[in-house]
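Below is one structure, written out as structure tokens, with a few remarks after it.
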Amino acid sequence: MPRGAPRDPLELLERSRGLTAEEFEELLDRAGDALGGDEASCGRLRRRGGLVRIRGPGRLLVVGDLHGDADSLRSILAGPAREALEDGVVVFLGDYVDRGPSQVEVLSTLLSLRLERPGSVVLLRGNHEPPPWLMPEPHDYPRALELRFGRAGDRLYRKSMDLFQRLPHAAVSEGGVFMVHGGPPSAPRRLEDLERPTREDLEDMLWSDPTPVPGVAPSPRGAGHLYGPDVTRRFLAENGLRMIVRSHEPCDGYRVDHGGLVVTVFSRRGPPYANELAACFRAGLS
């Protein structure tokens with residue numbers, strides 16, 4: 001393999017199993033530095049603030065919640081992600097940690113993948129990569145770090161939280177696909193507003209869920225909102241977009257809402273969720 005060529009993604013996943021505390025800390029530092037800029041361009045990707053714009057041509061693959069499950073990630077890296085990494089972009093929609101047995105492995109693999117392929121990989125934040133003022137429950141990632149790395153776990157958690165604040169929260173393709181963990185802001189917003197969102201807008205993007213009932217209602221999750229088809233149509237129309245692809249809700253692979261304008265994709269299989277299937281979303285970039 002030529003020097004500097006990106007490694008096989010499955011090699012990155014295998015290597016993650018043996019990471020020491022020092023190696024994981026160095027990875028968090030490197031990834032944090034790479035994500036630290038307010039504006040950046042690489043290949044098809046252009047980031048401004050918390051919004052990533054993706055240009056075509058090429059393939060688009062969107063991956064939903066993984067929640068610390070290395071087996072689900074392995075299936076994605078060995079299958080649908082291979083072609084997209086070579087001639088397109090793979091967007092991960094967040095929720096890399098909590099609830100699963102391989103939280104460090106999943107997060108470190110994705111960070112390494114992003115570092116090695118900065119023009120082909122987008123890591124968005126989910127509600128489990130939280131702002132300090134909006135913590136999810138359960139949030140067992142700190143315990144996973146302690147079990148893996150002992151007393152170094154506290155330091156690694158602080159560094160992880162700093163990294164989470166640098167992750168973008170939304171992406172949009174040239175073909176009009178808006179990608180986000182939860183949903184669009186409940187108030188009218190242009191894409192430019194989402195580069196530096198208000199707290200309320202960020203909460204909606206990380207926590208909200210679609211509902212068939214028109215309008216906006218408080219979410220039973222205690223954060224974000226339920227948003228109806230009229231909210232979706234308004235957001236898409238005002239921004240010249242075609243559809244929303246999001247994750248956040250367990251389902252058997254995928255679910256379609258709002259007359260095909262919203263697609264939920266969930267990429268982790270099995271317990272603690274009731275789903276037997278996992279899915280990714282495929283489209284063209286332009």
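Labels for the structure tokens follow display order: chains A, B, ..., residues from 1 in each chain, ligands from 1.
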Report as CSV the residues of segment 179-238 of chain A within 7 Å of segment 50-67 of chain A, each with its shortest atom pair and distance in Å (one decimal), using only C-alpha atoms, ordered by chain and increasing residue number.
residue,atom,partner,partner_atom,distance
A:Leu194,CA,A:Leu51,CA,6.5
A:Glu195,CA,A:Gly50,CA,4.8
A:Arg196,CA,A:Gly50,CA,6.3
Atoms to include: N, CA and C atoms. Write the selected residues as a CSV table (one decimal), in the first residue's frame.
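File written: result.csv
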chain,number,residue,atom,x,y,z
A,194,LEU,N,-28.6,27.8,10.4
A,194,LEU,CA,-28.2,26.5,11.1
A,194,LEU,C,-26.7,26.4,11.2
A,195,GLU,N,-26.0,27.3,10.6
A,195,GLU,CA,-24.5,27.3,10.7
A,195,GLU,C,-24.1,27.6,12.2
A,196,ARG,N,-24.9,28.5,12.8
A,196,ARG,CA,-24.7,28.9,14.2
A,196,ARG,C,-26.0,29.0,14.9
Counting only C-alpha atoms, which residues in segment 186-275 of chain A sit no more than 10 Å from segment 131-146 of chain A? For each one, give the nearest pair of atoms and the distance in Å, sorted by chain then residue number, as JSON lines.
{"residue": "A:Arg199", "atom": "CA", "partner": "A:Trp133", "partner_atom": "CA", "distance": 9.5}
{"residue": "A:Leu202", "atom": "CA", "partner": "A:Pro131", "partner_atom": "CA", "distance": 9.2}
{"residue": "A:Glu203", "atom": "CA", "partner": "A:Leu134", "partner_atom": "CA", "distance": 7.9}
{"residue": "A:Leu206", "atom": "CA", "partner": "A:Leu134", "partner_atom": "CA", "distance": 9.8}
{"residue": "A:Trp207", "atom": "CA", "partner": "A:Pro136", "partner_atom": "CA", "distance": 9.7}
{"residue": "A:Arg221", "atom": "CA", "partner": "A:Pro136", "partner_atom": "CA", "distance": 9.7}
{"residue": "A:Gly222", "atom": "CA", "partner": "A:Pro136", "partner_atom": "CA", "distance": 10.0}
{"residue": "A:Ala223", "atom": "CA", "partner": "A:Leu134", "partner_atom": "CA", "distance": 8.2}
- Message: Between A:Leu241, A:Pro80, A:Asp95, A:Glu23, which residue has the minimum interatomic distance to Gly175 of chain A, considering only C-alpha atoms?
- Response: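 That would be A:Leu241, the residue with the smallest distance to Gly175 of chain A.
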Skip Arg148 of chain A itself and residues of its chain fewer than 6 positions away, then list as an mmCIF file with N, CA, C and O atoms, in the first residue's frame all residues within 12 Å of it, counting only C-alpha atoms.
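Wrote it out as selection28.cif, contents follow:
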data_model
loop_
_atom_site.group_PDB
_atom_site.id
_atom_site.type_symbol
_atom_site.label_atom_id
_atom_site.label_comp_id
_atom_site.auth_asym_id
_atom_site.auth_seq_id
_atom_site.Cartn_x
_atom_site.Cartn_y
_atom_site.Cartn_z
ATOM 1 N N ARG A 17 -9.774 -2.313 19.092
ATOM 2 C CA ARG A 17 -9.956 -3.205 20.241
ATOM 3 C C ARG A 17 -8.768 -3.170 21.201
ATOM 4 O O ARG A 17 -8.915 -3.446 22.385
ATOM 5 N N GLY A 18 -7.583 -2.834 20.682
ATOM 6 C CA GLY A 18 -6.402 -2.851 21.537
ATOM 7 C C GLY A 18 -5.894 -1.482 21.939
ATOM 8 O O GLY A 18 -4.775 -1.375 22.456
ATOM 9 N N LEU A 19 -6.671 -0.429 21.721
ATOM 10 C CA LEU A 19 -6.197 0.921 22.026
ATOM 11 C C LEU A 19 -5.911 1.085 23.515
ATOM 12 O O LEU A 19 -6.718 0.704 24.366
ATOM 13 N N THR A 20 -4.779 1.675 23.818
ATOM 14 C CA THR A 20 -4.485 2.053 25.193
ATOM 15 C C THR A 20 -5.117 3.408 25.495
ATOM 16 O O THR A 20 -5.579 4.120 24.590
ATOM 17 N N ALA A 21 -5.118 3.778 26.769
ATOM 18 C CA ALA A 21 -5.651 5.087 27.155
ATOM 19 C C ALA A 21 -4.884 6.196 26.461
ATOM 20 O O ALA A 21 -5.472 7.185 25.991
ATOM 21 N N PHE A 24 -5.914 6.355 22.745
ATOM 22 C CA PHE A 24 -7.254 6.916 22.580
ATOM 23 C C PHE A 24 -7.242 8.423 22.841
ATOM 24 O O PHE A 24 -7.885 9.190 22.123
ATOM 25 N N PRO A 101 -21.925 -2.414 23.987
ATOM 26 C CA PRO A 101 -20.737 -2.998 24.618
ATOM 27 C C PRO A 101 -19.419 -2.527 24.014
ATOM 28 O O PRO A 101 -18.366 -2.805 24.587
ATOM 29 N N SER A 102 -19.450 -1.824 22.879
ATOM 30 C CA SER A 102 -18.215 -1.472 22.171
ATOM 31 C C SER A 102 -18.162 0.029 21.866
ATOM 32 O O SER A 102 -17.852 0.440 20.748
ATOM 33 N N GLN A 103 -18.442 0.837 22.860
ATOM 34 C CA GLN A 103 -18.544 2.278 22.637
ATOM 35 C C GLN A 103 -17.207 2.891 22.224
ATOM 36 O O GLN A 103 -17.150 3.711 21.300
ATOM 37 N N VAL A 104 -16.140 2.507 22.898
ATOM 38 C CA VAL A 104 -14.822 3.037 22.549
ATOM 39 C C VAL A 104 -14.430 2.594 21.139
ATOM 40 O O VAL A 104 -13.904 3.383 20.352
ATOM 41 N N GLU A 105 -14.708 1.334 20.807
ATOM 42 C CA GLU A 105 -14.344 0.813 19.502
ATOM 43 C C GLU A 105 -15.079 1.541 18.384
ATOM 44 O O GLU A 105 -14.487 1.911 17.356
ATOM 45 N N TYR A 141 -21.663 6.193 28.782
ATOM 46 C CA TYR A 141 -20.338 6.309 28.171
ATOM 47 C C TYR A 141 -19.246 6.580 29.204
ATOM 48 O O TYR A 141 -18.170 5.964 29.118
ATOM 49 N N PRO A 142 -19.456 7.453 30.212
ATOM 50 C CA PRO A 142 -18.397 7.630 31.228
ATOM 51 C C PRO A 142 -18.041 6.317 31.929
ATOM 52 O O PRO A 142 -16.860 6.049 32.196
ATOM 53 N N ASP A 154 -11.928 9.443 33.494
ATOM 54 C CA ASP A 154 -12.454 10.796 33.717
ATOM 55 C C ASP A 154 -11.833 11.785 32.740
ATOM 56 O O ASP A 154 -12.537 12.627 32.161
ATOM 57 N N LEU A 156 -10.472 11.141 29.838
ATOM 58 C CA LEU A 156 -10.891 10.826 28.481
ATOM 59 C C LEU A 156 -12.338 11.256 28.227
ATOM 60 O O LEU A 156 -12.688 11.637 27.108
ATOM 61 N N TYR A 157 -13.154 11.218 29.277
ATOM 62 C CA TYR A 157 -14.531 11.691 29.102
ATOM 63 C C TYR A 157 -14.555 13.199 28.884
ATOM 64 O O TYR A 157 -15.292 13.695 28.022
#
- Item | strand (DSSP E or B) call set, DSSP backbone run, segment 18-163 of chain A, as a list in words |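 For segment 18-163 of chain A, the strand (DSSP E or B) set is Glu39, Ala40, Ser41, Cys42, Leu45, Arg46, Arg47, Arg48, Leu51, Val52, Arg53, Ile54, Arg59, Leu60, Leu61, Val62, Val63, Asp65, Gly88, Val89, Val90, Val91, Phe92, Val121, Val122 and Leu123 of chain A.
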- Query: Quick one: residues within 10 Å of Ala81 of chain A, only C-alpha atoms counted, chain neighbours fewer than 5 positions away excluded, as number ranges by chain?
  - Reply: A: 9, 59-63, 73-76, 86, 88-91, 280, 282
- For atom CA of Arg99 of chain A and atom CA of His225 of chain A, determine how far apart the two atoms are, in Å to one decimal place.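 Result for atom CA of Arg99 of chain A versus atom CA of His225 of chain A: 23.3 Å, one decimal.
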